[in-house]
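Okay, input.csv is below, CSV, C-alpha atoms:
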```
chain,number,residue,atom,x,y,z
A,227,MET,CA,36.4,65.6,34.5
A,228,SER,CA,38.1,65.8,37.9
A,229,ASP,CA,36.5,64.4,41.0
A,230,VAL,CA,35.6,68.0,42.0
A,231,THR,CA,32.4,67.9,39.8
A,232,PRO,CA,30.5,65.2,41.9
A,233,ARG,CA,31.3,67.1,45.1
A,234,LEU,CA,29.8,70.3,43.6
A,235,ARG,CA,26.7,68.4,42.5
A,236,ARG,CA,25.8,67.1,46.0
A,237,PRO,CA,22.1,68.1,46.8
A,238,TYR,CA,23.4,69.0,50.3
A,239,ARG,CA,24.8,72.2,48.8
A,240,TRP,CA,21.3,73.7,49.1
A,241,ALA,CA,21.1,72.9,52.8
A,242,VAL,CA,24.4,74.6,53.3
A,243,LEU,CA,23.2,77.7,51.5
A,244,LEU,CA,19.9,77.8,53.4
A,245,ALA,CA,21.8,77.5,56.7
A,246,TYR,CA,23.9,80.5,55.7
A,247,LEU,CA,21.0,82.8,54.7
A,248,PRO,CA,19.7,83.5,58.2
A,249,VAL,CA,23.2,84.3,59.4
A,250,ILE,CA,24.0,86.8,56.7
A,251,GLY,CA,20.4,88.2,56.9
A,252,LEU,CA,20.7,88.7,60.7
A,253,SER,CA,24.1,90.5,60.3
A,254,GLN,CA,22.2,93.2,58.4
A,255,LEU,CA,19.0,93.2,60.5
A,256,LEU,CA,20.7,93.6,63.8
A,257,TRP,CA,22.8,96.4,62.4
A,258,LEU,CA,19.6,98.4,61.5
A,259,ASN,CA,17.7,97.7,64.7
A,260,PHE,CA,18.3,101.3,65.8
A,261,ALA,CA,18.0,102.9,62.4
A,262,ASP,CA,14.8,104.8,63.3
A,263,LEU,CA,15.3,104.9,67.0
A,264,GLN,CA,17.9,107.7,67.3
A,265,GLY,CA,15.5,110.1,68.9
A,266,PHE,CA,14.2,107.5,71.3
A,267,VAL,CA,17.8,106.5,72.3
A,268,GLN,CA,18.7,110.2,73.0
A,269,LYS,CA,15.7,110.7,75.1
A,270,GLN,CA,15.7,107.3,76.9
A,271,TYR,CA,19.4,107.3,77.8
A,272,GLY,CA,20.2,111.0,77.9
A,273,VAL,CA,23.0,110.8,75.3
A,274,SER,CA,24.0,113.1,72.6
A,275,GLU,CA,22.9,112.7,68.9
A,276,PHE,CA,26.5,111.6,68.1
A,277,LEU,CA,26.5,108.9,70.7
A,278,ALA,CA,23.1,107.7,69.6
A,279,SER,CA,24.3,107.5,66.0
A,280,THR,CA,27.3,105.3,67.0
A,281,LEU,CA,24.9,102.4,67.4
A,282,ILE,CA,24.6,102.5,63.6
A,283,LEU,CA,27.9,104.1,62.5
A,284,VAL,CA,30.1,101.5,64.3
A,285,PHE,CA,29.3,99.0,61.5
A,286,PRO,CA,30.7,100.8,58.5
A,287,LEU,CA,33.6,102.0,60.5
A,288,LEU,CA,34.7,98.5,61.7
A,289,TYR,CA,34.0,97.0,58.3
A,290,VAL,CA,36.6,99.2,56.7
A,291,PHE,CA,39.2,98.1,59.2
A,292,LEU,CA,38.3,94.4,59.4
A,293,SER,CA,37.3,93.5,55.8
A,294,VAL,CA,40.9,92.6,54.7
A,295,PRO,CA,41.8,90.6,57.9
A,296,ALA,CA,38.4,88.8,57.5
A,297,GLY,CA,39.3,87.8,54.0
A,298,ASN,CA,42.7,86.5,55.0
A,299,LEU,CA,41.2,84.4,57.8
A,300,ILE,CA,38.6,83.0,55.5
A,301,ASP,CA,41.2,81.9,52.9
A,302,ARG,CA,43.6,80.5,55.5
A,303,ARG,CA,41.2,78.9,58.1
A,304,GLY,CA,38.2,78.3,55.9
A,305,TYR,CA,34.7,79.8,55.6
A,306,ARG,CA,33.1,77.5,58.3
A,307,PHE,CA,35.6,78.7,60.9
A,308,ALA,CA,35.3,82.4,60.0
A,309,ILE,CA,31.5,82.5,59.4
A,310,GLY,CA,30.8,80.2,62.2
A,311,GLY,CA,32.9,82.2,64.6
A,312,GLY,CA,31.3,85.4,63.4
A,313,ALA,CA,27.8,83.8,64.0
A,314,VAL,CA,28.7,82.9,67.5
A,315,VAL,CA,30.1,86.3,68.3
A,316,MET,CA,27.0,87.9,66.7
A,317,ALA,CA,24.7,85.7,68.9
A,318,ILE,CA,26.5,86.4,72.1
A,319,SER,CA,26.6,90.1,71.3
A,320,SER,CA,22.9,90.2,70.5
A,321,LEU,CA,22.3,88.7,74.0
A,322,ILE,CA,24.5,91.5,75.6
A,323,ARG,CA,21.9,94.0,74.3
A,324,LEU,CA,19.4,92.5,76.8
A,325,GLY,CA,21.1,94.8,79.3
A,326,ASP,CA,19.2,97.6,77.7
A,327,VAL,CA,18.9,99.5,80.9
A,328,SER,CA,22.3,100.9,79.9
A,329,PHE,CA,23.2,102.6,76.7
A,330,TRP,CA,26.7,101.2,77.0
A,331,ALA,CA,25.3,97.6,77.0
A,332,LEU,CA,23.5,98.4,73.8
A,333,LEU,CA,26.7,99.9,72.3
A,334,ALA,CA,28.8,96.9,73.4
A,335,GLY,CA,26.3,94.6,71.8
A,336,GLN,CA,26.3,96.5,68.6
A,337,THR,CA,30.1,96.7,68.5
A,338,GLY,CA,30.3,92.9,68.9
A,339,ILE,CA,27.8,92.4,66.1
A,340,ALA,CA,29.8,94.9,63.9
A,341,LEU,CA,33.0,93.0,64.6
A,342,ALA,CA,31.3,89.8,63.4
A,343,GLN,CA,29.7,91.2,60.3
A,344,PRO,CA,32.8,91.2,57.9
A,345,TYR,CA,33.6,87.6,58.7
A,346,ILE,CA,30.0,86.6,58.0
A,347,VAL,CA,29.5,88.6,54.8
A,348,ASN,CA,32.9,88.1,53.2
A,349,GLY,CA,32.7,84.4,53.5
A,350,VAL,CA,30.0,84.1,50.8
A,351,SER,CA,32.3,83.6,47.8
A,352,LYS,CA,34.4,80.9,49.5
A,353,LEU,CA,31.3,79.0,50.5
A,354,VAL,CA,29.7,79.3,47.1
A,355,MET,CA,32.9,78.1,45.3
A,356,ASP,CA,33.2,75.2,47.7
A,357,TRP,CA,29.7,73.9,47.0
A,358,PHE,CA,28.5,75.2,43.7
A,359,ASP,CA,29.9,74.9,40.2
A,360,ALA,CA,30.5,77.9,37.8
A,361,GLU,CA,27.0,77.5,36.3
A,362,GLU,CA,25.3,77.9,39.7
A,363,GLY,CA,27.8,80.3,41.3
A,364,ALA,CA,26.0,83.5,40.3
A,365,LEU,CA,22.6,82.1,41.4
A,366,ALA,CA,24.0,80.9,44.7
A,367,THR,CA,25.7,84.3,45.3
A,368,GLY,CA,22.5,86.0,44.3
A,369,LEU,CA,20.5,84.0,46.8
A,370,ALA,CA,23.0,84.9,49.5
A,371,THR,CA,22.8,88.6,48.7
A,372,MET,CA,19.0,88.2,48.6
A,373,GLY,CA,19.2,87.0,52.2
A,374,MET,CA,21.3,90.1,53.0
A,375,PHE,CA,18.8,92.4,51.3
A,376,ILE,CA,15.9,90.7,53.2
A,377,GLY,CA,17.7,91.3,56.4
A,378,MET,CA,18.2,95.0,55.5
A,379,ALA,CA,14.5,95.3,54.6
A,380,ALA,CA,13.4,93.5,57.8
A,381,GLY,CA,15.7,95.7,59.9
A,382,MET,CA,14.3,98.9,58.4
A,383,ALA,CA,10.7,97.6,58.8
A,384,THR,CA,11.0,96.6,62.4
A,385,SER,CA,13.3,99.2,63.7
A,386,ALA,CA,10.6,101.5,65.1
A,387,ALA,CA,7.5,99.3,64.8
A,388,LEU,CA,8.5,96.3,67.0
A,389,PRO,CA,9.9,98.2,70.0
A,390,LYS,CA,6.8,100.4,69.9
A,391,ALA,CA,4.6,97.3,69.9
A,392,ILE,CA,6.3,95.1,72.5
A,393,GLY,CA,9.1,97.2,74.0
A,394,LEU,CA,12.8,97.5,73.4
A,395,HIS,CA,13.8,94.7,75.9
A,396,ALA,CA,11.4,92.2,74.3
A,397,THR,CA,12.6,93.1,70.9
A,398,MET,CA,16.2,92.6,71.9
A,399,GLY,CA,15.2,89.2,73.4
A,400,ILE,CA,13.5,88.0,70.3
A,401,PHE,CA,16.4,88.8,68.0
A,402,GLY,CA,18.9,87.4,70.6
A,403,VAL,CA,17.1,84.0,70.5
A,404,ILE,CA,16.9,84.0,66.7
A,405,SER,CA,20.6,84.8,66.5
A,406,VAL,CA,21.5,81.9,68.8
A,407,ALA,CA,19.3,79.6,66.8
A,408,ALA,CA,20.9,80.7,63.5
A,409,ALA,CA,24.4,80.2,64.8
A,410,ILE,CA,23.6,76.7,66.0
A,411,LEU,CA,21.9,75.8,62.7
A,412,PHE,CA,25.0,77.0,60.8
A,413,LEU,CA,27.5,75.1,62.9
A,414,VAL,CA,25.4,71.9,62.7
A,415,VAL,CA,24.6,72.0,59.0
A,416,VAL,CA,27.6,73.6,57.3
A,417,ARG,CA,30.8,71.7,56.7
A,418,PRO,CA,33.6,72.0,54.1
A,419,ASN,CA,32.9,70.2,50.8
A,420,GLY,CA,36.5,70.1,49.6
A,421,ALA,CA,36.1,71.6,46.2
A,422,ALA,CA,37.6,75.0,47.2
A,423,THR,CA,40.7,73.2,48.4
A,424,ALA,CA,40.9,70.6,45.7
A,425,PRO,CA,44.3,69.4,44.5
A,426,GLY,CA,45.9,72.1,42.3
A,427,SER,CA,44.4,75.0,44.2
A,428,ALA,CA,47.0,77.6,45.0
A,429,GLU,CA,47.8,78.4,48.6
A,430,PRO,CA,46.5,81.9,49.6
A,431,SER,CA,49.8,83.7,49.4
A,432,GLY,CA,50.2,87.4,48.8
A,433,GLY,CA,46.4,87.9,49.2
A,434,LEU,CA,45.4,91.5,48.7
A,435,LEU,CA,48.5,92.6,46.8
A,436,GLN,CA,48.2,89.6,44.5
A,437,LEU,CA,44.6,90.5,43.7
A,438,LEU,CA,45.3,94.2,43.1
A,439,GLY,CA,47.9,93.1,40.5
A,440,ASN,CA,45.0,91.9,38.3
A,441,GLY,CA,43.6,94.7,36.2
A,442,GLN,CA,40.1,93.1,36.0
A,443,LEU,CA,39.8,92.9,39.8
A,444,ARG,CA,41.0,96.5,40.1
A,445,LEU,CA,38.2,97.5,37.7
A,446,LEU,CA,35.6,95.5,39.6
A,447,THR,CA,36.8,97.3,42.8
A,448,ILE,CA,36.2,100.7,41.2
A,449,LEU,CA,32.8,99.5,39.8
A,450,ILE,CA,31.5,98.3,43.2
A,451,PHE,CA,32.9,101.5,44.9
A,452,LEU,CA,30.7,103.6,42.5
A,453,GLY,CA,27.8,101.2,42.5
A,454,MET,CA,27.3,100.7,46.2
A,455,GLY,CA,28.1,104.4,46.7
A,456,GLU,CA,25.2,105.3,44.4
A,457,PHE,CA,22.8,102.9,46.1
A,458,ASN,CA,23.8,104.0,49.6
A,459,GLY,CA,23.6,107.6,48.6
A,460,LEU,CA,20.1,107.1,47.0
A,461,ALA,CA,18.8,105.3,50.1
A,462,THR,CA,20.2,108.0,52.4
A,463,PHE,CA,19.0,111.0,50.5
A,464,LEU,CA,15.8,109.6,49.0
A,465,GLU,CA,13.6,111.6,51.5
A,466,GLN,CA,15.3,114.9,50.6
A,467,ILE,CA,15.3,114.2,46.9
A,468,LEU,CA,11.6,113.3,46.7
A,469,GLY,CA,10.6,115.8,49.3
A,470,ALA,CA,11.6,118.5,46.8
A,471,HIS,CA,8.7,117.2,44.7
A,472,GLN,CA,6.2,117.3,47.6
A,473,VAL,CA,6.5,113.6,48.3
A,474,SER,CA,5.9,112.9,52.1
A,475,PRO,CA,8.6,111.2,54.2
A,476,SER,CA,6.3,108.2,54.8
A,477,ASP,CA,5.7,107.8,51.0
A,478,ALA,CA,9.4,108.2,50.4
A,479,GLY,CA,10.0,105.4,52.9
A,480,ASN,CA,7.6,103.2,51.0
A,481,VAL,CA,9.4,104.0,47.7
A,482,GLY,CA,12.7,102.9,49.4
A,483,ALA,CA,11.0,99.7,50.6
A,484,VAL,CA,9.9,99.0,47.0
A,485,LEU,CA,13.5,99.7,45.8
A,486,VAL,CA,14.9,97.0,48.1
A,487,GLY,CA,12.0,94.7,47.3
A,488,GLY,CA,12.7,94.9,43.6
A,489,GLY,CA,16.4,94.1,44.4
A,490,ILE,CA,15.4,91.0,46.4
A,491,VAL,CA,13.5,89.6,43.4
A,492,GLY,CA,16.2,90.6,41.0
A,493,ALA,CA,18.9,89.0,43.2
A,494,VAL,CA,17.4,85.6,42.2
A,495,VAL,CA,16.3,86.2,38.7
A,496,ILE,CA,19.3,88.1,37.1
A,497,PRO,CA,22.1,86.0,38.6
A,498,GLY,CA,20.0,82.9,37.7
A,499,LEU,CA,19.8,83.9,34.0
A,500,SER,CA,23.5,84.9,34.1
A,501,GLY,CA,24.5,81.4,35.3
A,502,TRP,CA,22.1,79.7,32.9
A,503,LEU,CA,23.7,81.5,29.9
A,504,GLY,CA,27.2,81.3,31.4
A,505,ARG,CA,27.8,85.1,31.0
A,506,ARG,CA,28.4,87.8,33.6
A,507,LYS,CA,29.5,90.9,31.7
A,508,PRO,CA,26.3,91.5,29.6
A,509,PHE,CA,24.1,91.2,32.7
A,510,LEU,CA,26.4,93.5,34.7
A,511,LEU,CA,26.3,96.1,31.9
A,512,LEU,CA,22.5,95.7,31.7
A,513,ALA,CA,22.2,96.2,35.5
A,514,VAL,CA,24.2,99.4,35.5
A,515,GLY,CA,22.6,100.6,32.3
A,516,VAL,CA,19.0,100.2,33.4
A,517,ALA,CA,19.9,101.8,36.8
A,518,LEU,CA,21.4,104.8,35.0
A,519,LEU,CA,18.3,105.2,32.7
A,520,THR,CA,15.8,105.0,35.6
A,521,LEU,CA,17.8,107.1,38.2
A,522,TYR,CA,16.9,110.6,36.9
A,523,PRO,CA,13.2,109.9,36.3
A,524,LEU,CA,13.1,108.3,39.8
A,525,CYS,CA,14.6,111.4,41.4
A,526,GLU,CA,12.3,113.8,39.4
A,527,ALA,CA,8.9,112.0,39.6
A,528,SER,CA,6.2,113.0,42.1
A,529,ASP,CA,3.4,110.6,41.2
A,530,LEU,CA,3.5,107.8,43.7
A,531,LYS,CA,2.5,105.0,41.2
A,532,THR,CA,5.3,106.1,38.9
A,533,LEU,CA,7.8,106.2,41.7
A,534,TYR,CA,6.9,102.7,42.7
A,535,VAL,CA,7.4,101.4,39.2
A,536,LEU,CA,10.7,103.2,38.7
A,537,SER,CA,12.1,102.2,42.1
A,538,ALA,CA,11.1,98.5,41.5
A,539,VAL,CA,12.8,98.5,38.1
A,540,HIS,CA,15.8,100.3,39.5
A,541,GLY,CA,16.2,97.9,42.4
A,542,PHE,CA,15.4,94.7,40.3
A,543,PHE,CA,18.2,95.4,37.9
A,544,PHE,CA,20.8,97.2,40.0
A,545,LEU,CA,21.1,95.3,43.3
A,546,PRO,CA,21.9,92.0,41.6
A,547,ALA,CA,25.0,93.7,40.3
A,548,VAL,CA,26.6,93.1,43.7
A,549,ALA,CA,26.1,89.3,43.3
A,550,LEU,CA,27.4,89.4,39.8
A,551,MET,CA,30.6,91.3,40.7
A,552,LEU,CA,31.3,89.0,43.7
A,553,ASP,CA,30.9,85.9,41.5
A,554,LEU,CA,33.0,87.3,38.7
A,555,ALA,CA,35.7,88.4,41.2
A,556,ALA,CA,35.7,84.9,42.8
A,557,GLN,CA,36.1,83.3,39.3
A,558,ILE,CA,39.0,85.6,38.5
A,559,ALA,CA,40.7,85.1,41.9
A,560,GLY,CA,40.2,81.4,42.1
A,561,PRO,CA,39.3,79.2,45.1
A,562,ALA,CA,42.4,80.0,47.1
A,563,LEU,CA,41.8,83.7,47.1
A,564,ALA,CA,37.9,83.8,47.0
A,565,GLY,CA,37.7,85.1,50.5
A,566,ALA,CA,40.2,87.9,49.8
A,567,SER,CA,38.4,88.8,46.6
A,568,ALA,CA,35.0,89.2,48.4
A,569,SER,CA,36.7,91.2,51.2
A,570,LEU,CA,38.3,93.6,48.6
A,571,LEU,CA,35.0,94.2,46.9
A,572,MET,CA,33.0,94.6,50.1
A,573,LEU,CA,35.7,97.0,51.5
A,574,ALA,CA,35.5,99.1,48.3
A,575,GLY,CA,31.7,99.0,48.3
A,576,ASN,CA,31.4,100.2,51.9
A,577,ALA,CA,34.1,102.9,51.3
A,578,GLY,CA,32.1,104.0,48.3
A,579,GLY,CA,29.0,104.4,50.4
A,580,VAL,CA,30.8,106.5,53.0
A,581,VAL,CA,32.4,108.7,50.4
A,582,ILE,CA,29.2,109.3,48.4
A,583,ILE,CA,27.2,110.0,51.5
A,584,LEU,CA,29.7,112.5,52.8
A,585,ALA,CA,30.0,114.2,49.4
A,586,GLY,CA,26.2,114.3,49.2
A,587,GLN,CA,25.9,115.9,52.6
A,588,ALA,CA,28.3,118.7,51.3
A,589,LEU,CA,26.2,119.1,48.2
A,590,LEU,CA,22.8,119.5,49.8
A,591,ASP,CA,21.8,123.0,48.9
A,592,PRO,CA,20.0,125.4,51.3
A,593,ASP,CA,16.7,125.2,49.5
A,594,ALA,CA,16.8,121.4,50.0
A,595,THR,CA,16.3,120.5,46.3
A,596,ALA,CA,19.1,118.0,46.5
A,597,ARG,CA,20.0,118.8,42.9
A,598,GLY,CA,23.7,118.4,43.5
A,599,VAL,CA,23.2,115.0,45.1
A,600,VAL,CA,21.2,113.8,42.1
A,601,ILE,CA,24.0,114.9,39.8
A,602,LEU,CA,26.5,113.1,41.9
A,603,LEU,CA,24.5,109.9,41.8
A,604,ILE,CA,24.1,110.1,38.1
A,605,ALA,CA,27.8,110.8,37.5
A,606,SER,CA,28.7,107.7,39.6
A,607,LEU,CA,26.5,105.4,37.5
A,608,ALA,CA,27.6,107.1,34.2
A,609,ILE,CA,31.3,106.5,35.1
A,610,ALA,CA,30.5,102.9,36.1
A,611,SER,CA,28.7,102.2,32.8
A,612,ALA,CA,31.7,103.5,30.8
A,613,LEU,CA,34.2,101.5,32.8
A,614,GLY,CA,32.2,98.4,32.7
A,615,LEU,CA,32.7,98.1,28.9
A,616,SER,CA,36.4,97.2,29.7
A,617,LEU,CA,35.4,94.1,31.7
A,618,THR,CA,36.2,90.6,30.4
A,619,GLU,CA,34.5,87.5,31.6
A,620,THR,CA,37.5,85.8,33.2
A,621,ARG,CA,41.2,86.5,33.6
A,622,PRO,CA,42.5,84.4,36.5
A,623,VAL,CA,45.0,85.7,39.0
A,624,PRO,CA,48.3,83.8,38.4
A,625,ALA,CA,49.2,81.5,41.2
A,626,VAL,CA,52.2,82.4,43.4
A,627,GLU,CA,54.9,79.9,43.1
A,628,PRO,CA,56.3,78.8,46.5
A,629,ALA,CA,59.7,80.1,47.4
```
Starting from the coordinates I provided, produce the structure as structure tokens.
Amino acid sequence: MSDVTPRLRRPYRWAVLLAYLPVIGLSQLLWLNFADLQGFVQKQYGVSEFLASTLILVFPLLYVFLSVPAGNLIDRRGYRFAIGGGAVVMAISSLIRLGDVSFWALLAGQTGIALAQPYIVNGVSKLVMDWFDAEEGALATGLATMGMFIGMAAGMATSAALPKAIGLHATMGIFGVISVAAAILFLVVVRPNGAATAPGSAEPSGGLLQLLGNGQLRLLTILIFLGMGEFNGLATFLEQILGAHQVSPSDAGNVGAVLVGGGIVGAVVIPGLSGWLGRRKPFLLLAVGVALLTLYPLCEASDLKTLYVLSAVHGFFFLPAVALMLDLAAQIAGPALAGASASLLMLAGNAGGVVIILAGQALLDPDATARGVVILLIASLAIASALGLSLTETRPVPAVEPA
């Protein structure tokens, strides 16, 4: 065995991962701080509905433009530089939001956090490959995505409740302090391990074009486009879908919370089993298959207990697919292009969310049954299930020979 193995087995790897979790979680939580405050923002600052929505929309917009540059920076300068820099920018931007007497200060803060988000999230594969071996890669990636889902859930849960309880300024202050602490913790604890740049690793040359030349990575890109598109579409239109069956908005919100909660648990269990057995494809097919089987009943049920069970099962099996695809893409791309592979997949996933949501808006019928949206979501998962059968476990990207 090479000397890479002892480095990968250092117990310190868990400290590195734990220091990363609050940073990636906060990148999602801070994004969703204003998810349920659109009406408040309009009234408080006298801005239009469109301007109020930019506090949220600036994130997917900038992610699309910055995902690939973030991957290139991660591969060339390292994940500590990219994630650490992103954490610092996120912390500073969260403090800018303390100037909440002005809407523009809030927007400037949100924009800064949005700029940092791709560098933080896309660094996951590079960090995992540097500290964890192939057996633990899926589990480590699953734990990282669990942190991301927890951040999303916390953001949705505190969006309206915390400002109502203690005020917007105090809320911004609390999250600003937490963001500064998380950035300091990351910079103090996280350091390169050396495995991702071990002798024999290819230099990151050709990046995105090199990855797109691999058929399996192209397939994974399509799968995550469809998969994250389905999840974002379901989360966005869940209230309308269930409202057609006389489910109240508050109950629909609880169903959505259970959906994410199931995904948080699944993000640990499913990738852990995948790593233990050394297989990715069967678990990825299981994730998409169970999601497809539970989607229609979930969209058609009206009994609250049934909805909770279906949403928990749907989330438990489906959300871990993100971790499995990121890990599989990193294994295919290799250490030198792990950052680019994560960026490619996250770019496709975010694009899928935007496309499915826009298509769903167009398909909402006048009587608000959301039938067309349900068909769109089912079609997305059905296509993903069929395409997933063509996946193979590993087909590495060939290294680019130096000129």
Using all atoms listed in the file, find the one residue out of A:Arg505, A:Trp357, A:Gly469, A:Ile490 that sits nearest to Val416 in chain A.
A:Trp357
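CA of Leu256 in chain A is found 7.6 Å from CA of Ile339 in chain A.
The space between CA of Arg506 in chain A and CA of Pro237 in chain A spans 24.5 Å.
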Interface rows for range 289-384 of chain A against range 470-488 of chain A: nearest pair, Å to one decimal, 10 Å, all atoms listed in the file, as a Markdown table:
```
| residue | atom | partner | partner_atom | distance |
| --- | --- | --- | --- | --- |
| A:Met372 | CA | A:Gly487 | CA | 9.6 |
| A:Phe375 | CA | A:Val486 | CA | 6.8 |
| A:Ile376 | CA | A:Gly487 | CA | 8.1 |
| A:Met378 | CA | A:Val486 | CA | 8.3 |
| A:Ala379 | CA | A:Val486 | CA | 6.7 |
| A:Ala380 | CA | A:Ala483 | CA | 9.8 |
| A:Met382 | CA | A:Ala483 | CA | 8.5 |
| A:Ala383 | CA | A:Ala483 | CA | 8.5 |
```
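Considering all atoms listed in the file, the residue among A:Gly586, A:Gly579, A:Gly312, A:Gly598 positioned nearest to Asn458 in chain A is A:Gly579.
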Extract, using all atoms listed in the file, all DNA, RNA and protein residues at most 10 Å from Thr367 in chain A, discarding same-chain residues fewer than 2 positions from it, and format them as a short mmCIF file (atom, residue, chain, number, x, y, z; two decimals) with C-alpha atoms, in the coordinates of the input.
```cif
data_model
loop_
_atom_site.label_atom_id
_atom_site.label_comp_id
_atom_site.auth_asym_id
_atom_site.auth_seq_id
_atom_site.Cartn_x
_atom_site.Cartn_y
_atom_site.Cartn_z
CA LEU A 243 23.20 77.70 51.50
CA VAL A 350 30.00 84.10 50.80
CA SER A 351 32.30 83.60 47.80
CA LEU A 353 31.30 79.00 50.50
CA VAL A 354 29.70 79.30 47.10
CA MET A 355 32.90 78.10 45.30
CA PHE A 358 28.50 75.20 43.70
CA GLU A 362 25.30 77.90 39.70
CA GLY A 363 27.80 80.30 41.30
CA ALA A 364 26.00 83.50 40.30
CA LEU A 365 22.60 82.10 41.40
CA LEU A 369 20.50 84.00 46.80
CA ALA A 370 23.00 84.90 49.50
CA THR A 371 22.80 88.60 48.70
CA MET A 372 19.00 88.20 48.60
CA GLY A 373 19.20 87.00 52.20
CA ALA A 493 18.90 89.00 43.20
CA VAL A 494 17.40 85.60 42.20
CA PRO A 497 22.10 86.00 38.60
CA GLY A 498 20.00 82.90 37.70
CA PRO A 546 21.90 92.00 41.60
CA VAL A 548 26.60 93.10 43.70
CA ALA A 549 26.10 89.30 43.30
CA LEU A 550 27.40 89.40 39.80
CA MET A 551 30.60 91.30 40.70
CA LEU A 552 31.30 89.00 43.70
CA ASP A 553 30.90 85.90 41.50
#
```
Distance query Leu263 in chain A at most 8 Å, all atoms listed in the file, self and fewer than 3 positions along chain excluded, as an MDAnalysis selection string
chainID A and resid 259:260 266:267 385:386
If you measure from CA of Ala547 in chain A to CA of Ala574 in chain A, what distance in Å do you get, rounded to one decimal?
14.3 Å
Residues proximal to (33.5, 91.9, 60.2) were defined as those with any atom within 6 Å of that point in the file's coordinates, counting only C-alpha atoms. Which are they, as a PyMOL selection string?
chain A and resi 289+292+341-345
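Shortest atom-to-atom contact with Ser320 in chain A among A:Leu247, A:Ile392, A:Ala387, A:Ala407: A:Ala407, counting all atoms listed in the file.
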Compile the contact shell of His395 in chain A as an NGL selection string: residues with an atom at most 10 Å away, counting only C-alpha atoms, same-chain residues fewer than 4 positions apart removed.
:A and (323-327 or 389 or 399-400)
Fewer than 2 positions away in the same chain doesn't count, so skip those; otherwise give me all residues within 12 Å of Lys352 in chain A, counting all atoms listed in the file, as a PyMOL selection string.
chain A and resi 243+296-309+345-350+354-359+363+366-367+418-423+552-553+555-557+559-569
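Residue nearest Leu602 in chain A within the list A:Gly459, A:Gly492, A:Pro508, A:Gly368: A:Gly459 [criterion: smallest interatomic distance, all atoms listed in the file].
Proximity to Arg444 in chain A at 12 Å, evaluated using all atoms listed in the file and with sequence-adjacent residues fewer than 4 positions away removed, yields Leu434, Leu435, Gln436, Leu437, Leu438, Gly439, Asn440, Ile448, Leu449, Ile450, Phe451, Met551, Ala555, Ile558, Ala559, Ser567, Leu570, Leu571, Ala574, Leu613, Gly614, Ser616, Leu617, Arg621 and Val623 of chain A.
Checking A:Val599, A:Ala331, A:Leu503, A:Leu464 one by one against Ala360 in chain A, counting all atoms listed in the file, you find the shortest gap at A:Leu503.
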